[in-house]
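Structure first, then comments.
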Amino acid sequence: MSIANVLALIGGVALFLFGMQLMGDGLKKVAGNKLELVLWKLSGTPIKGVLLGTFVTAVIQSSSATSAMVVGFVNSGMMTVAQSISVVMGANIGTSVTGWLLCLSMLGKSGGLLSLLSTDTISAVVAFIGIIWLMFSKKETKRSAGSIMLGFAVLMYGMAAMSDAVAPLKESESFRSLLTMFDNPLLGILIGILITALLQSNSASVGILQAISVTGAVSYAAAFPMIMGMGIGASIPVLLSAVGAGRDGKRTSLIYLLINVFGTVICTVVFYGANMILHFPFMQNNAPISMVGIAMMNTLYRIAAIIVLMPFMKYLERITDRMLRNTPEKKEETAAKSYDIGHLEERFLENPILALTQSKEAMQRMAELTKNGLFGAFDLIGKYDEAEAKKVIEAEDVVDHYEDMLGTYLIKVTGKELNHEQTLEVSLYLHTVSDFERVSDHSVNIQEVAEEIFQKKVQFSEPALDELHVLEAALRKIVGMTFEAFEKGDLELAGKVEPLEECIDTLCQTAKLNHVARLQTQLCTLKQGFVFNDLIGNFERVADHCSNIAVALVELHADSFDTHEYLNDIKSRQNSEFQRLYEQYSEEYSFMS
């Protein structure tokens, strides 16, 4: 084999790998970039997990990529280790689809009329259409389809280049002798591991084996152990992807390795044991294997291994649990220990839909914690309890952590390639995360006022208590509406927030004026006046932040974040719906005359 052939082989491998990546990226875009989300949402049962893992891997052309993605799911808490096992099993099957795709390169080799349907002809036509769509179409779907077609053509050209480069080896006895060495199962498995570890792709390794098989020098006896070894070698990039992950993320990467190791061991023992007894004809006399034979063997081996291992999924989970035991952590008296803060997975930054799904879930946990802390602070007014007060303070500490964590993560997301809808979603979260945090701050302020009332034994007059109760009820209403609208993306509900906020502002102003009047008539004292005004001020600010959140939600769908203009518009027009709701809230929340 000359230097020119070696360089042609290297070039063919490069084209092959690039085509596979280009085609996989295009397929993901055509699927709406939601494959990862589907994988996470629907992998509820073992059978579903296997089927989805198979499908996603067949599309993105990489079991390593699917498994690395699953490591991220587990590490972020979006998926359990038990759920991940079936998906990883499916990924092992899905990676064999590429081998069947490469069999298309055999089309037209027999000559005659079929030569018109040869791989060269089909690839040329597909490449031409693909490049036209990619370069000149304005529709994103067509451009993505162009990427798929171009990727397929490059893949086929790479395969043809590899086959042509190794063609001279047909006549080489030394090459045949070399491949005969791999009839030894242990040596064949080792070579398969090394090749795949080097290429970082099981599909590419099988593709190269298929290209070499056109020489007729690859036997069934040599191909089978190499195929098994290639599965183990594909674990290397998955193990590397778990560097820096938590314990469960690392356990998931180990499961990928264990599935392939156990599959190899079991199939080696069963297959070669049966061969010793039955003497399979295709394993005798160095019978050559074709490209289709390799694809078939690869698929059957992977399916057989998964069928054998599926009943033992819980044992795989236990093994990794023992291999990576929990290290005892030093107990820290921090607020974070009392709550599930969650984790924003850095690995998902390259998949914006996953990054934003994570961010939304974190925002919703933050909102729920904020609401519970605020309502807990309301309950302390007049009924102060140290244990409950501590919960309010701890919740605020965790909300602060959420704000820091989300702010940093969302800024990183903005640096990625986002579509228009994703850009608006990031903007919504960045606009509202500080409002949630400020509401939490006011819950602590209210808790502190409640503590002061308790320690100083402040007693409010009946009119003052009535005003506080009315305002508290209105605030519970506006917070509940706002947070529900944010969680559900309910624009109709969000539109009802501003009239209530206007009503609360009016109530707060009235309460302040009434309290001044009570001070003048000595119905209330200055000691009562300070804490009363503190409460009213915090109530008013909470309503303001609810307004900010609701307006941001409405403006997101208006494709604008000009809050000032929006508020001026709805108030200046005093539209009938706004006025109707304002009057309704004014009747519902009013002070005793």
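Chains: A, B, ... in order of the structure tokens. Residues: from 1 per chain. Ligands: from 1, in order shown.
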
So which bits of region 45-86 of chain A end up helix (DSSP H, G or I) when you DSSP the backbone, as a ChimeraX atom specification?
/A:46-60,63-76,81-86

What lies within 6 Å of region 219-222 of chain A using only C-alpha atoms, ignoring chain neighbours under 2 positions off, as a ChimeraX atom specification?
/A:182-183,224,283,286-289

Go ahead and save the residues from that selection, with N, CA and C atoms, as a PDB file, in the first residue's frame.
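Okay, out.pdb is ready:
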ATOM      1  N   PHE A 182      -6.657 -11.517  13.944  1.00  0.00           N
ATOM      2  CA  PHE A 182      -7.783 -11.022  14.731  1.00  0.00           C
ATOM      3  C   PHE A 182      -8.872 -12.074  14.906  1.00  0.00           C
ATOM      4  N   ASP A 183      -8.647 -13.251  14.320  1.00  0.00           N
ATOM      5  CA  ASP A 183      -9.572 -14.358  14.577  1.00  0.00           C
ATOM      6  C   ASP A 183      -9.540 -14.739  16.056  1.00  0.00           C
ATOM      7  N   PHE A 224     -16.375 -10.325  14.171  1.00  0.00           N
ATOM      8  CA  PHE A 224     -17.212 -10.371  15.354  1.00  0.00           C
ATOM      9  C   PHE A 224     -16.511  -9.846  16.612  1.00  0.00           C
ATOM     10  N   MET A 283     -18.115 -19.433  10.312  1.00  0.00           N
ATOM     11  CA  MET A 283     -16.931 -19.182  11.124  1.00  0.00           C
ATOM     12  C   MET A 283     -15.750 -20.070  10.715  1.00  0.00           C
ATOM     13  N   ASN A 286     -12.003 -19.189   7.325  1.00  0.00           N
ATOM     14  CA  ASN A 286     -11.840 -17.754   7.064  1.00  0.00           C
ATOM     15  C   ASN A 286     -12.853 -17.231   6.040  1.00  0.00           C
ATOM     16  N   ALA A 287     -14.114 -17.624   6.181  1.00  0.00           N
ATOM     17  CA  ALA A 287     -15.162 -17.191   5.255  1.00  0.00           C
ATOM     18  C   ALA A 287     -15.246 -15.673   5.278  1.00  0.00           C
ATOM     19  N   PRO A 288     -15.134 -14.996   4.116  1.00  0.00           N
ATOM     20  CA  PRO A 288     -15.155 -13.522   4.078  1.00  0.00           C
ATOM     21  C   PRO A 288     -16.534 -12.971   4.413  1.00  0.00           C
ATOM     22  N   ILE A 289     -16.544 -11.813   5.049  1.00  0.00           N
ATOM     23  CA  ILE A 289     -17.792 -11.145   5.408  1.00  0.00           C
ATOM     24  C   ILE A 289     -17.968  -9.907   4.537  1.00  0.00           C
TER      25      ILE A 289
END

In terms of the shortest atom-to-atom distance over only C-alpha atoms, which of A:Ser163, A:Gln447, A:Asn202, A:Gln584 is closest to Thr98 (chain A)?
A:Asn202

Ser86 (chain A) environment, 7 Å, only C-alpha atoms, sequence neighbours closer than 6 positions dropped, as a ChimeraX atom specification
/A:46,49-50

Please produce a file of those selected residues containing C-alpha atoms, as a CSV table (one decimal), in the first residue's frame.
chain,number,residue,atom,x,y,z
A,46,PRO,CA,-37.6,0.6,30.2
A,49,GLY,CA,-36.3,4.3,27.1
A,50,VAL,CA,-34.8,1.7,24.8

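The smallest atom-to-atom distance between Val265 (chain A) and any of A:Leu309, A:Leu155, A:Val88, A:Leu410, using only C-alpha atoms, is found for A:Leu309.
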
Best match for closeness to Gln358 (chain A) among A:Phe73, A:Phe128, A:Tyr256, A:Phe375, counting only C-alpha atoms:
A:Phe73

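When CA of Gly192 (chain A) is paired with CA of Val243 (chain A), their separation reads 23.8 Å.
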
Please measure the separation of CA of Gln422 (chain A) and CA of Gly407 (chain A), giving the value in Å to one decimal.
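Going from CA of Gln422 (chain A) over to CA of Gly407 (chain A) covers 15.9 Å.
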
Shell of 7 Å around Lys142 (chain A), only C-alpha atoms, local chain residues under 4 positions omitted, as a list in words:
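Final neighbour list, sorted by chain and number: Trp133, Ser137 and Gly146 of chain A.
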
Hey, what's within 10 Å of region 467-482 of chain A if we count only C-alpha atoms and toss same-chain stuff fewer than 5 positions away? As a VMD selection string, please?
chain A and resid 367 to 368 370 to 371 374 to 375 378 to 379 381 439 460 462 487 490 493 to 501 503 to 505 507 to 508 510 to 512 514 to 515 532 535 to 536 539 to 540 542 to 543 545 to 551 553 585 to 586 588 to 592

Just write the chosen residues, C-alpha atoms, as a PDB file, in the first residue's frame.
ATOM      1  CA  ALA A 367     -41.024  31.353  42.281  1.00  0.00           C
ATOM      2  CA  GLU A 368     -42.634  28.657  44.443  1.00  0.00           C
ATOM      3  CA  THR A 370     -40.556  32.959  46.986  1.00  0.00           C
ATOM      4  CA  LYS A 371     -44.346  32.639  47.281  1.00  0.00           C
ATOM      5  CA  LEU A 374     -43.879  35.583  51.469  1.00  0.00           C
ATOM      6  CA  PHE A 375     -47.053  33.854  52.626  1.00  0.00           C
ATOM      7  CA  PHE A 378     -47.766  37.186  56.269  1.00  0.00           C
ATOM      8  CA  ASP A 379     -48.697  34.476  58.765  1.00  0.00           C
ATOM      9  CA  ILE A 381     -47.959  39.211  61.566  1.00  0.00           C
ATOM     10  CA  VAL A 439     -40.217  39.838  46.462  1.00  0.00           C
ATOM     11  CA  PHE A 460     -53.061  47.887  66.256  1.00  0.00           C
ATOM     12  CA  GLU A 462     -59.398  47.792  64.739  1.00  0.00           C
ATOM     13  CA  GLU A 487     -45.590  29.191  35.341  1.00  0.00           C
ATOM     14  CA  ASP A 490     -51.071  32.452  30.722  1.00  0.00           C
ATOM     15  CA  LEU A 493     -54.211  35.874  33.641  1.00  0.00           C
ATOM     16  CA  ALA A 494     -51.132  38.108  33.365  1.00  0.00           C
ATOM     17  CA  GLY A 495     -53.329  40.845  31.894  1.00  0.00           C
ATOM     18  CA  LYS A 496     -55.427  40.851  35.096  1.00  0.00           C
ATOM     19  CA  VAL A 497     -52.441  41.706  37.296  1.00  0.00           C
ATOM     20  CA  GLU A 498     -52.056  45.383  36.399  1.00  0.00           C
ATOM     21  CA  PRO A 499     -55.609  46.435  37.408  1.00  0.00           C
ATOM     22  CA  LEU A 500     -55.128  44.703  40.770  1.00  0.00           C
ATOM     23  CA  GLU A 501     -51.716  46.348  41.225  1.00  0.00           C
ATOM     24  CA  CYS A 503     -56.033  48.864  43.163  1.00  0.00           C
ATOM     25  CA  ILE A 504     -53.385  47.884  45.735  1.00  0.00           C
ATOM     26  CA  ASP A 505     -51.520  51.156  45.136  1.00  0.00           C
ATOM     27  CA  LEU A 507     -55.348  50.988  48.977  1.00  0.00           C
ATOM     28  CA  CYS A 508     -51.818  51.628  50.246  1.00  0.00           C
ATOM     29  CA  THR A 510     -55.509  55.372  51.476  1.00  0.00           C
ATOM     30  CA  ALA A 511     -54.133  53.315  54.385  1.00  0.00           C
ATOM     31  CA  LYS A 512     -51.274  55.800  54.874  1.00  0.00           C
ATOM     32  CA  ASN A 514     -56.036  56.952  57.287  1.00  0.00           C
ATOM     33  CA  HIS A 515     -53.155  56.175  59.615  1.00  0.00           C
ATOM     34  CA  PHE A 532     -47.634  50.059  60.142  1.00  0.00           C
ATOM     35  CA  LEU A 535     -45.680  46.945  56.383  1.00  0.00           C
ATOM     36  CA  ILE A 536     -47.604  49.114  53.917  1.00  0.00           C
ATOM     37  CA  PHE A 539     -46.846  45.455  50.556  1.00  0.00           C
ATOM     38  CA  GLU A 540     -46.751  48.170  47.909  1.00  0.00           C
ATOM     39  CA  VAL A 542     -44.374  43.431  46.393  1.00  0.00           C
ATOM     40  CA  ALA A 543     -47.305  44.450  44.180  1.00  0.00           C
ATOM     41  CA  HIS A 545     -42.683  43.536  41.394  1.00  0.00           C
ATOM     42  CA  CYS A 546     -45.698  41.383  40.531  1.00  0.00           C
ATOM     43  CA  SER A 547     -46.621  44.032  37.973  1.00  0.00           C
ATOM     44  CA  ASN A 548     -43.096  43.894  36.513  1.00  0.00           C
ATOM     45  CA  ILE A 549     -43.285  40.113  36.104  1.00  0.00           C
ATOM     46  CA  ALA A 550     -46.738  40.164  34.488  1.00  0.00           C
ATOM     47  CA  VAL A 551     -45.803  43.008  32.128  1.00  0.00           C
ATOM     48  CA  LEU A 553     -44.677  38.105  30.298  1.00  0.00           C
ATOM     49  CA  TYR A 585     -61.036  44.500  42.601  1.00  0.00           C
ATOM     50  CA  SER A 586     -61.945  47.783  44.308  1.00  0.00           C
ATOM     51  CA  GLU A 588     -63.612  43.015  46.500  1.00  0.00           C
ATOM     52  CA  TYR A 589     -60.829  44.697  48.475  1.00  0.00           C
ATOM     53  CA  SER A 590     -62.135  47.766  50.297  1.00  0.00           C
ATOM     54  CA  PHE A 591     -61.708  49.218  53.796  1.00  0.00           C
ATOM     55  CA  MET A 592     -64.536  49.601  56.299  1.00  0.00           C
TER      56      MET A 592
END

Hey, which bits of region 66-174 of chain A sit within 12 Å of region 4-11 of chain A, and for each residue what's the closest pair of atoms and how far apart in Å (one decimal), counting only C-alpha atoms, rows by chain and increasing number, as a tab-separated table?
residue	atom	partner	partner_atom	distance
A:Val154	CA	A:Gly11	CA	11.4
A:Leu155	CA	A:Gly11	CA	11.7
A:Tyr157	CA	A:Gly11	CA	10.2
A:Gly158	CA	A:Gly11	CA	7.5
A:Met159	CA	A:Leu9	CA	9.4
A:Ala160	CA	A:Leu9	CA	9.7
A:Ala161	CA	A:Ala8	CA	6.5
A:Met162	CA	A:Leu9	CA	4.9
A:Ser163	CA	A:Leu9	CA	8.0
A:Asp164	CA	A:Leu9	CA	8.1
A:Ala165	CA	A:Asn5	CA	4.9
A:Val166	CA	A:Asn5	CA	7.1
A:Ala167	CA	A:Asn5	CA	9.1
A:Pro168	CA	A:Asn5	CA	8.5
A:Leu169	CA	A:Asn5	CA	10.1
